[in-house]
Every structure is written in C-alpha cells, then in structure tokens.
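Here's the structure we're looking at; comments come further down.
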Amino acid sequence: MAPLGSAYGEQAGNVVVGVSDSLAGLAALRRGVREARATGRTLVAVRAWEPPEGEALYARRPETSWARLWADEARRCLERAFDLALGGPPADLRIVRRVIRGRAGPVLCSVAASADDLLVIGMARRRGPLARLRPRPVHRFVPARAACEVLIVAGPRLLPQEARMLRRGAGAAVPGRAAAHR
C-alpha cells in the first residue's frame, strides 16, 4: 500500500496549531510551522475565543457589538502571534487562519478531526507553590479527546526576574526607570 500523501512526499492532513500570544503559544506556532514545512502540509492556525464573562452570562444579556469586538481582538491576536513568533506569516506555506468562538479544547479537536492531522498546542510551565491546583483544561482535554496525533510544546524556561520584566512590559527596559523598580 502506498503511503498517504502525494508523489512529492507531502503527507495528507493538516498541521493544526492552537494560537495565542503567550510564550508557550508562540513556541507552538514556530513548531507548527516547522512541522508543516517538513511534511508539506497546510498550516491551520486556530484562535478560539469566548466572551470574557463566559457564554452563560453572555447568553443572559447578549450584545452583538461586544461579540464583534471580541472576535476582532481574536483576529488581531492571531496576526500578532505570527508577527511575534516569526516576524510575519511565512510565504512558503499554505496557511489557513481560523478564528472560532468556543472553548479552546473542543474547538481544536473539532478542527483537527482527521486522523491524518497533527495538532500542536503550547503548554506554559507552572510556577509557584499553588501551581498544581490551577487547572490546565486545554492540556487535559485535547490529548484525551483528539482524533489525531497531539504534539505539546513546552514554553521557554524563564528566570523569575525575566518573567517579571516581561509582565511589566517595555517600561522596565527604559533607562533610568530600572532603579525605580528595585
């Protein structure tokens, strides 16, 4: 039996990446691009979103203009992730961008529904004494329910002071302000 894919060595299925602008999400996007290039697959970048107050509260008082605003922000986050991770979308790949309303785990599993797909998600390292108590719903949901192979990419290890600088943003790097934060 011939292997799946075309005569040019391309594999069937897509590389589906759950996109966020977190460090782990950016690492997953970079890895997804590498996998898509290596296998000749289409890269499907997925950004799932929900109303900030949750679907249940939104259903009680729906406001379509706010929903459009959140969907637009999800689109901007998707584009920003390509810029932050890669300096822009790669020109040598077929890329499909999807912004879908719903919880991240079920959305990713529904997009990567073929057994030939590869689903790539990022996982941030937990920090602090109570880190084990905080749930990781996407990382529990996706590997247990995905119909395809799942690749979990760990986020980078940061020293505590590096993490603080990133949380504070560019203001911490301004000369003369560094002494004020000590």
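Chains: A, B, ... in order of the structure tokens. Residues: from 1 per chain. Ligands: from 1, in order shown.
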Residue set, range 40-142 of chain A restricted to strand (DSSP E), as a PyMOL selection string: chain A and resi 42-49+95-101+118-123
Give me, as a compact mmCIF listing (two decimals) with all heavy atoms, in the first residue's frame, all polymer residues having an atom no more than 7 Å from Gly105 in chain A, counting only C-alpha atoms and skipping those fewer than 4 positions away in the same chain.
# COMPACT_ATOMS: atom_id res chain seq x y z
N CYS A 109 -10.07 20.30 18.86
CA CYS A 109 -10.38 18.91 18.49
C CYS A 109 -11.32 18.83 17.30
O CYS A 109 -11.22 17.91 16.49
CB CYS A 109 -10.98 18.17 19.69
SG CYS A 109 -9.76 17.81 20.97
N VAL A 138 -7.16 22.87 28.67
CA VAL A 138 -6.83 22.54 27.28
C VAL A 138 -5.87 21.36 27.25
O VAL A 138 -6.02 20.44 26.44
CB VAL A 138 -6.24 23.76 26.55
CG1 VAL A 138 -5.75 23.38 25.17
CG2 VAL A 138 -7.28 24.86 26.46
N PHE A 141 -7.88 18.25 28.20
CA PHE A 141 -8.95 17.92 27.26
C PHE A 141 -8.42 17.40 25.94
O PHE A 141 -8.85 16.35 25.45
CB PHE A 141 -9.80 19.17 27.03
CG PHE A 141 -11.03 18.93 26.20
CD1 PHE A 141 -12.23 18.66 26.81
CD2 PHE A 141 -10.98 18.98 24.81
CE1 PHE A 141 -13.37 18.43 26.05
CE2 PHE A 141 -12.10 18.75 24.05
CZ PHE A 141 -13.30 18.48 24.67
N VAL A 142 -7.48 18.11 25.34
CA VAL A 142 -7.04 17.81 23.97
C VAL A 142 -6.40 16.43 23.84
O VAL A 142 -6.82 15.65 22.99
CB VAL A 142 -6.13 18.93 23.44
CG1 VAL A 142 -5.45 18.53 22.15
CG2 VAL A 142 -6.95 20.19 23.23
Pick from A:Ala36, A:Cys77, A:Ala104, A:Ile95 nearest to Gln11 in chain A, counting only C-alpha atoms: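 Closest to Gln11 in chain A of all the choices is A:Ala36.
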Non-local contacts of Ala85 in chain A (8 Å; only C-alpha atoms; under 5 positions in same chain excluded) as a count of residues only: 4
Separation of CA of Leu86 in chain A from CA of Leu118 in chain A in Å: 20.0 Å
